[in-house]
Every structure is written in structure tokens, then in C-alpha cells.
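Asker: Structure file work07.cif, mmCIF, C-alpha atoms and all ligand atoms, is pasted below:
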data_entry
#
loop_
_atom_site.label_atom_id
_atom_site.label_comp_id
_atom_site.auth_asym_id
_atom_site.auth_seq_id
_atom_site.Cartn_x
_atom_site.Cartn_y
_atom_site.Cartn_z
CA MET A 1 0.00 0.00 0.00
CA ASN A 2 1.38 3.42 -0.89
CA VAL A 3 0.23 5.45 2.08
CA ALA A 4 1.27 8.77 0.60
CA ALA A 5 -0.78 8.20 -2.54
CA LYS A 6 -3.77 6.87 -0.64
CA GLY A 7 -3.97 9.09 2.45
CA ARG A 8 -5.03 7.35 5.64
CA ALA A 9 -4.97 3.57 5.71
CA ARG A 10 -8.30 1.75 5.90
CA LEU A 11 -8.41 -0.79 8.73
CA VAL A 12 -10.96 -3.59 9.18
CA VAL A 13 -10.94 -5.79 12.29
CA LEU A 14 -12.46 -9.29 12.38
CA ILE A 15 -13.64 -10.70 15.71
CA SER A 16 -15.53 -13.65 17.16
CA GLY A 17 -15.47 -12.96 20.90
CA ARG A 18 -14.84 -10.47 23.69
CA GLY A 19 -12.79 -8.11 21.56
CA ARG A 20 -10.05 -7.21 24.03
CA ASN A 21 -7.61 -6.87 21.14
CA LEU A 22 -10.22 -4.85 19.26
CA ALA A 23 -10.50 -2.54 22.28
CA ALA A 24 -6.74 -1.95 22.23
CA LEU A 25 -6.84 -1.21 18.49
CA ILE A 26 -9.79 1.20 18.86
CA ALA A 27 -7.93 3.05 21.63
CA ALA A 28 -4.81 3.36 19.49
CA VAL A 29 -6.80 4.64 16.50
CA ASN A 30 -8.66 7.14 18.68
CA ASP A 31 -5.51 8.53 20.32
CA GLY A 32 -3.70 8.79 17.00
CA ARG A 33 -1.06 6.09 17.57
CA ILE A 34 -2.54 4.18 14.64
CA ALA A 35 -2.79 6.51 11.61
CA ALA A 36 -5.71 4.65 10.08
CA ASP A 37 -9.48 4.84 9.83
CA LEU A 38 -11.21 1.85 11.46
CA VAL A 39 -13.84 1.53 8.74
CA ALA A 40 -15.59 -1.61 10.04
CA VAL A 41 -15.64 -4.47 12.50
CA ILE A 42 -16.90 -7.78 11.13
CA SER A 43 -17.88 -10.77 13.28
CA ASN A 44 -18.91 -14.31 12.40
CA ARG A 45 -20.96 -14.42 15.59
CA ALA A 46 -23.93 -12.17 16.38
CA ASP A 47 -23.29 -12.68 20.10
CA ALA A 48 -19.67 -11.47 20.04
CA ALA A 49 -19.29 -9.09 22.98
CA GLY A 50 -16.76 -7.12 20.94
CA LEU A 51 -19.58 -5.87 18.71
CA ALA A 52 -20.84 -3.71 21.57
CA LEU A 53 -17.36 -2.18 21.92
CA ALA A 54 -17.38 -1.31 18.23
CA ARG A 55 -20.86 0.21 18.38
CA GLU A 56 -19.96 2.26 21.47
CA ALA A 57 -16.94 3.57 19.58
CA GLY A 58 -19.13 4.51 16.59
CA VAL A 59 -17.49 1.93 14.32
CA PRO A 60 -19.73 0.36 11.65
CA VAL A 61 -20.26 -3.34 12.32
CA GLN A 62 -21.25 -6.24 10.11
CA VAL A 63 -22.26 -9.70 11.27
CA LEU A 64 -21.89 -12.68 8.94
CA PRO A 65 -23.00 -15.68 11.02
CA HIS A 66 -20.99 -18.63 9.72
CA VAL A 67 -23.90 -20.88 10.72
CA ASP A 68 -25.96 -19.27 7.95
CA TYR A 69 -23.69 -20.68 5.22
CA PRO A 70 -23.74 -24.23 3.86
CA ASP A 71 -19.98 -24.67 4.01
CA ARG A 72 -16.64 -22.99 4.66
CA ALA A 73 -16.15 -21.91 1.06
CA ALA A 74 -19.56 -20.18 0.98
CA PHE A 75 -18.86 -18.32 4.21
CA ASP A 76 -15.42 -17.25 3.02
CA ALA A 77 -16.87 -16.05 -0.29
CA ALA A 78 -19.39 -13.87 1.57
CA LEU A 79 -16.71 -12.58 3.93
CA ALA A 80 -14.41 -11.79 1.00
CA ALA A 81 -17.19 -9.86 -0.73
CA ALA A 82 -17.91 -7.85 2.43
CA LEU A 83 -14.21 -7.11 2.92
CA ARG A 84 -13.60 -6.27 -0.75
CA ALA A 85 -16.36 -3.67 -0.63
CA LEU A 86 -14.58 -1.96 2.28
CA GLU A 87 -11.31 -1.68 0.29
CA PRO A 88 -9.15 -2.43 3.34
CA ASP A 89 -5.42 -1.67 3.45
CA ILE A 90 -5.11 -3.65 6.68
CA VAL A 91 -7.24 -6.59 7.88
CA ALA A 92 -6.59 -7.44 11.53
CA LEU A 93 -7.84 -10.80 12.78
CA ALA A 94 -8.43 -10.20 16.50
CA GLY A 95 -9.75 -13.27 18.24
CA PHE A 96 -11.32 -14.34 14.95
CA MET A 97 -11.97 -18.02 15.51
CA ARG A 98 -12.34 -19.26 11.92
CA ILE A 99 -9.95 -21.27 9.80
CA LEU A 100 -9.83 -19.41 6.48
CA THR A 101 -9.69 -21.08 3.06
CA GLU A 102 -6.68 -20.59 0.82
CA ASN A 103 -8.73 -18.66 -1.77
CA PHE A 104 -9.79 -16.16 0.87
CA VAL A 105 -6.31 -15.74 2.32
CA ARG A 106 -4.69 -15.31 -1.10
CA GLU A 107 -6.96 -12.35 -1.89
CA PHE A 108 -5.90 -10.43 1.21
CA GLU A 109 -2.42 -11.86 1.75
CA GLY A 110 0.09 -9.16 2.63
CA ARG A 111 -2.61 -6.96 4.14
CA MET A 112 -3.84 -9.45 6.76
CA LEU A 113 -2.43 -9.83 10.26
CA ASN A 114 -3.24 -12.18 13.11
CA ILE A 115 -2.33 -12.29 16.76
CA HIS A 116 -1.72 -15.69 18.31
CA PRO A 117 -1.31 -16.30 22.06
CA SER A 118 1.96 -18.24 21.92
CA LEU A 119 5.61 -17.82 20.92
CA LEU A 120 5.18 -19.21 17.40
CA PRO A 121 6.19 -21.56 15.95
CA ARG A 122 5.58 -23.22 19.32
CA HIS A 123 1.97 -24.09 20.13
CA LYS A 124 0.03 -23.42 16.94
CA GLY A 125 -3.73 -23.89 17.22
CA LEU A 126 -5.90 -23.70 20.33
CA ASN A 127 -5.33 -24.11 24.09
CA THR A 128 -1.85 -22.61 23.95
CA HIS A 129 -1.70 -21.68 27.63
CA ALA A 130 -2.43 -25.24 28.78
CA ALA A 131 0.16 -26.50 26.29
CA VAL A 132 2.80 -24.18 27.79
CA LEU A 133 2.07 -25.60 31.26
CA ARG A 134 1.93 -29.17 29.99
CA ASP A 135 5.34 -28.80 28.32
CA GLY A 136 6.86 -26.86 31.20
CA ASP A 137 7.92 -23.97 28.96
CA ALA A 138 10.07 -21.41 30.74
CA GLU A 139 8.64 -18.55 28.64
CA HIS A 140 5.29 -17.69 27.11
CA GLY A 141 3.83 -14.78 25.17
CA ALA A 142 2.16 -13.80 21.92
CA THR A 143 3.01 -13.31 18.26
CA VAL A 144 1.76 -11.01 15.50
CA HIS A 145 2.23 -12.53 12.07
CA PHE A 146 1.16 -12.07 8.48
CA VAL A 147 -1.63 -14.48 7.58
CA THR A 148 -0.92 -17.16 4.96
CA PRO A 149 -2.95 -20.28 4.13
CA GLN A 150 -0.92 -22.24 6.70
CA LEU A 151 -2.78 -21.93 10.03
CA ASP A 152 -0.66 -19.86 12.44
CA GLY A 153 2.19 -20.39 9.96
CA GLY A 154 2.71 -16.99 8.34
CA PRO A 155 5.87 -14.84 8.57
CA LEU A 156 6.43 -13.61 12.13
CA ILE A 157 6.54 -9.87 12.78
CA ILE A 158 6.75 -9.19 16.52
CA GLN A 159 6.66 -11.26 19.71
CA GLY A 160 6.37 -10.35 23.35
CA ARG A 161 7.40 -12.79 26.05
CA PHE A 162 7.60 -13.26 29.83
CA THR A 163 8.89 -15.90 32.23
CA VAL A 164 6.27 -18.42 33.30
CA SER A 165 5.99 -18.57 37.09
CA ALA A 166 5.22 -21.74 39.02
CA GLN A 167 2.02 -20.15 40.34
CA ASP A 168 0.60 -19.51 36.87
CA GLY A 169 -2.40 -21.53 35.79
CA ALA A 170 -3.83 -21.46 32.25
CA GLN A 171 -6.28 -18.66 33.06
CA GLN A 172 -3.59 -16.50 34.69
CA LEU A 173 -1.36 -17.04 31.66
CA ALA A 174 -4.16 -16.06 29.29
CA GLU A 175 -4.75 -12.83 31.17
CA ARG A 176 -1.03 -11.99 31.36
CA VAL A 177 -0.55 -12.70 27.67
CA LEU A 178 -3.47 -10.50 26.73
CA GLU A 179 -2.92 -7.61 29.13
CA GLN A 180 0.88 -7.45 29.12
CA ILE A 181 1.70 -8.57 25.59
CA GLU A 182 -1.14 -8.69 23.05
CA CYS A 183 -2.57 -5.28 23.85
CA ARG A 184 0.87 -3.77 23.22
CA ILE A 185 2.28 -5.63 20.22
CA TYR A 186 -0.88 -5.69 18.11
CA PRO A 187 -1.53 -1.92 18.11
CA GLN A 188 2.20 -1.41 17.40
CA ALA A 189 2.22 -3.77 14.44
CA VAL A 190 -0.93 -2.19 12.98
CA ALA A 191 0.56 1.28 13.51
CA TRP A 192 3.66 0.30 11.53
CA MET A 193 1.45 -1.08 8.75
CA ALA A 194 -0.65 2.10 8.66
CA ARG A 195 2.47 4.23 8.25
CA GLY A 196 3.76 1.98 5.50
CA GLU A 197 6.79 0.98 7.61
CA LEU A 198 5.74 -2.68 7.72
CA ARG A 199 4.85 -4.56 4.54
CA CYS A 200 4.95 -8.09 3.18
CA GLU A 201 6.30 -8.57 -0.34
CA GLN A 202 6.39 -12.01 -1.96
CA GLY A 203 5.97 -13.55 1.45
CA VAL A 204 8.86 -11.61 3.01
CA PRO A 205 8.12 -9.10 5.77
CA ARG A 206 9.85 -5.78 5.18
CA PHE A 207 10.36 -3.32 8.02
CA ARG A 208 11.51 0.24 7.28
CA ASP A 209 12.44 -0.79 3.75
CA ARG A 210 14.59 -3.79 4.70
CA PRO A 211 13.72 -7.47 4.92
CA LEU A 212 12.90 -8.27 8.53
CA SER A 213 15.94 -10.31 9.52
CA ALA A 214 14.76 -11.14 13.05
CA VAL A 215 11.38 -11.16 14.78
CA LEU A 216 10.82 -7.87 16.56
CA SER A 217 10.33 -7.81 20.33
CA LEU A 218 9.04 -5.69 23.20
CA ASP A 219 12.36 -3.80 22.98
CA ASP A 220 11.27 -2.52 19.56
CA LEU A 221 8.02 -0.99 20.83
CA GLU A 222 7.78 2.74 20.31
CA PRO A 223 7.23 4.82 23.48
CA GLY A 224 3.47 5.09 23.04
CA PHE A 225 3.09 1.30 22.97
CA ARG A 226 5.20 0.24 25.94
C1 LIG B 301 -6.75 -13.73 22.49
O1 LIG B 301 -5.89 -14.44 23.36
C2 LIG B 301 -6.16 -13.75 21.09
O2 LIG B 301 -4.76 -13.91 21.09
C3 LIG B 301 -6.79 -14.95 20.48
O3 LIG B 301 -8.13 -14.88 20.93
C4 LIG B 301 -8.09 -14.47 22.31
C5 LIG B 301 -9.31 -13.63 22.62
O4 LIG B 301 -9.15 -12.41 21.98
N1 LIG B 301 -6.68 -14.91 19.04
P1 LIG B 301 -10.24 -11.21 22.11
O5 LIG B 301 -10.52 -10.98 23.58
O6 LIG B 301 -11.49 -11.66 21.39
O7 LIG B 301 -9.55 -10.05 21.46
#
Would you write out, as C-alpha cells, the structure that this file holds?
Answerer:
Amino acid sequence: MNVAAKGRARLVVLISGRGRNLAALIAAVNDGRIAADLVAVISNRADAAGLALAREAGVPVQVLPHVDYPDRAAFDAALAAALRALEPDIVALAGFMRILTENFVREFEGRMLNIHPSLLPRHKGLNTHAAVLRDGDAEHGATVHFVTPQLDGGPLIIQGRFTVSAQDGAQQLAERVLEQIECRIYPQAVAWMARGELRCEQGVPRFRDRPLSAVLSLDDLEPGFR
């Protein structure tokens, strides 16, 4: 996306649940840390609590209940049509609990980000916090990555991590990951995308005009995101 030629980036956020990542993104758009217009929030569930957050923030919402579609391809085709109409520069999956078909991903590849509550490539898929405890991992955290057809397999952008304490249970880990890590690294990654500092070209993340040689970390957060 050529930000200069286009003006402000157009951001769409996809949710399925509580929307705590959405809340962090809305805050960063509203305080100017993310130089983008949040043009819509789309959910595959009408009961997603995050929809109320979007409405309270005055953000247009769309609900495409996946249960209304005969199969995954039909749902993805409807979602792609809704997204296409919004002409997004950035699509942020934020607790969006759908596995997306390759056709859908290919259309938005390079513009689509996801946040995953683990230090990828460890613990792809669900129940990451329990897996960290089961495996006795010393560290845990979250990852923002570009979305590719491989589930939780796209190029990594930024990770935040902390040391797992013996007292942590899965619920405590989930809260720490969300509050201490996700709500910082996701707004930062989207802010870099909106400024054109972060892109993905032919599957290679580029940061400030150079291939991203190492995954970014909490040390790379700009002051407003720490
Ligand atoms: C978060 O842990 C996020 O990493 C995962 O879904 C969880 C819930 O997110 N993708 P939210 O509260 O719906 O933003």
C-alpha cells in the first residue's frame, strides 16, 4: 500500500469474541497512535461481545454468522465480498476463531495480520496456555504474524514474552498474555502497517524498507506502545 498516494490507511478488524484486542486497536486509532481509519468491524458471531465495543466507539459493524452458510467456502466467499467492498489496506484478525480457506487468504495476503497467544512456531492452534504448562515452557507470550494459508504459519513480525511462574495456571497465563503482551504488540504492528513501515512482499516481511531479519520484540516498541 502506498500510504502517501492513498492518504489514511483503511483498517478492518475481524472478531468472534470479547474483543479485548479490538478494544486496544480502537484506543490506538482514537488517540492517534494508529494513523488509520477503522472503517468496520466484522464478526462471524452475532453474540460477540466485541460488537458492543465497536458500536460504542461509533465503528460500523457487520455480522456474517458462519452458521448461515452451507460450508466454509460459501462463508469465506461472503466474507471476502464484504471485505472487498470496504477496500481495506489492513485486515486485523483479532480473536477471529475461523480457519480461512486458501482462496480467501490469497486475496488479502500481505494486508492481513493475526495475533496468536503463543511464541510461534511453538503451540500453533488452540489451548496454547495449557500446552505451555503441559510442556513446562520457561517462557510464554504472543506473536503477531502475516496471515498465509498455513494456520498460524505466516511470517512472524513481533513477539512479546515473559517468564512463566510456578504459580501460573492457564487462566492466569491467558490474562497476562493478553494484558501485558497482546494489547501492546498488536496496536504497534498495525501502527507500523498504517504508516507503510511494515509490509509483506512475496511472502517476506519488510520493516523500514529492509527485509525483517529477526522477529521484533518488546524492545522494539515505540514509546506510546510500551
Ligand atoms: C486472544 O488471546 C487472542 O490472542 C486470540 O483470541 C483471544 C481472545 O481475543 N486470538 P479477544 O478478547 O477476542 O480479542
Asker: Enumerate as a list in words the residues within 8 Å of ligand LIG 301 (chain B), counting all atoms listed in the file.
Answerer: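 Based on all atoms listed in the file, ligand LIG 301 (chain B) is surrounded within 8 Å by Ile15, Ser16, Gly17, Arg18, Gly19, Arg20, Asn21, Leu22, Ala23, Gly50, Leu93, Ala94, Gly95, Phe96, Met97, Asn114, Ile115, His116, Pro117, Ala142, Ala174, Val177, Leu178 and Glu182 of chain A.
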Asker: At a cut-off of 9 Å from (12.5, -13.5, 28.4) in the coordinates of the file, what residues are picked up using all atoms listed in the file, written as a list in words?
Answerer: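 Protein, DNA and RNA residues close to (12.5, -13.5, 28.4): Ala138, Glu139, His140, Gly160, Arg161, Phe162 and Thr163 of chain A.
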Asker: Write out, as CSV, each residue of range 31-139 of chain A that has an atom at most 12 Å from range 206-220 of chain A, together with the closest pair of atoms and their distance in Å to one decimal, counting only C-alpha atoms, rows going by chain and rising number.
Answerer:
residue,atom,partner,partner_atom,distance
A:Gly110,CA,A:Arg206,CA,10.6
A:Leu119,CA,A:Val215,CA,10.7
A:Leu120,CA,A:Val215,CA,10.5
A:Pro121,CA,A:Val215,CA,11.7
Asker: Find, counting all atoms listed in the file, the residue in A:Val41, A:Leu53, A:Ala24, A:Ala73 that gets nearest to Glu179 in chain A.
Answerer: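 Residue with the minimum atom-to-atom distance to Glu179 in chain A: A:Ala24.
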Asker: Taking (4.1, -0.9, 28.9) in the coordinates of the supplied file, I want to know which residues reach to within 9 Å of it, counting only C-alpha atoms; could you give the answer as a ChimeraX atom specification?
Answerer: /A:180-181,184,218,221,223-226
Asker: I'd like the contact shell of Ala170 in chain A - 10 Å cut-off, only C-alpha atoms, skipping same-chain residues fewer than 5 positions apart - returned as a list in words.
Answerer: Asn127, Thr128, His129, Ala130, Ala131, Val132, Leu133, Arg134, Glu175 and Arg176 of chain A
Asker: Pick out the residues sitting within 12 Å of Asp68 in chain A, and hand them over as JSON, numbers by chain; count all atoms listed in the file, and ignore anything fewer than 4 positions along from it in its own chain.
Answerer: {"A": [44, 45, 46, 63, 64, 72, 74, 75, 76, 78]}
Asker: Could you save those same residues with C-alpha atoms as an mmCIF file, in the coordinates of the input?
Answerer:
data_model
loop_
_atom_site.group_PDB
_atom_site.id
_atom_site.type_symbol
_atom_site.label_atom_id
_atom_site.label_comp_id
_atom_site.auth_asym_id
_atom_site.auth_seq_id
_atom_site.Cartn_x
_atom_site.Cartn_y
_atom_site.Cartn_z
ATOM 1 C CA ASN A 44 -18.910 -14.310 12.400
ATOM 2 C CA ARG A 45 -20.960 -14.420 15.590
ATOM 3 C CA ALA A 46 -23.930 -12.170 16.380
ATOM 4 C CA VAL A 63 -22.260 -9.700 11.270
ATOM 5 C CA LEU A 64 -21.890 -12.680 8.940
ATOM 6 C CA ARG A 72 -16.640 -22.990 4.660
ATOM 7 C CA ALA A 74 -19.560 -20.180 0.980
ATOM 8 C CA PHE A 75 -18.860 -18.320 4.210
ATOM 9 C CA ASP A 76 -15.420 -17.250 3.020
ATOM 10 C CA ALA A 78 -19.390 -13.870 1.570
#
Asker: Kindly list the centre and edge lengths in Å, rounded to one decimal, for the axis-aligned box that covers all listed atoms of range 133-136 of chain A plus 8 Å on each of its six sides, as AutoDock Vina command-line options.
Answerer:
--center_x 4.4 --center_y -27.4 --center_z 29.8 --size_x 20.9 --size_y 19.6 --size_z 18.9
Asker: Quick one: residues within 7 Å of Ala35 in chain A, all atoms listed in the file counted, chain neighbours fewer than 6 positions away excluded, as an MDAnalysis selection string?
Answerer: chainID A and resid 8:9 29 191 194:195
Asker: When you look at Leu151 in chain A with a cut-off of 10 Å (counting all atoms listed in the file), what residues show up, excluding the ones that are within fewer than 6 positions of it in the same chain? I need them as a list of chain:residue names.
Answerer: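 The residues that qualify are A:Ile99, A:Leu100, A:Thr101, A:Lys124, A:Gly125.
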Asker: Could you check which of A:Ser43, A:Gly136, A:Pro60, A:Val147 is closest to Glu107 in chain A, using only C-alpha atoms?
Answerer: A:Val147
Asker: For the atom pair CA of Pro187 in chain A and CA of Leu25 in chain A, what is the interatomic distance in Å to one decimal place?
Answerer: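 Straight-line distance from CA of Pro187 in chain A to CA of Leu25 in chain A works out to 5.4 Å.
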Asker: Find the distance between CA of Trp192 in chain A and CA of Gln159 in chain A and write it in Å to one decimal.
Answerer: 14.5 Å
Asker: Smallest atom-to-atom distance to Val91 in chain A: which of A:Glu56, A:Asp135, A:Asp37, A:Asp47, using all atoms listed in the file?
Answerer: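 Among the listed residues, the smallest separation from Val91 in chain A belongs to A:Asp37.
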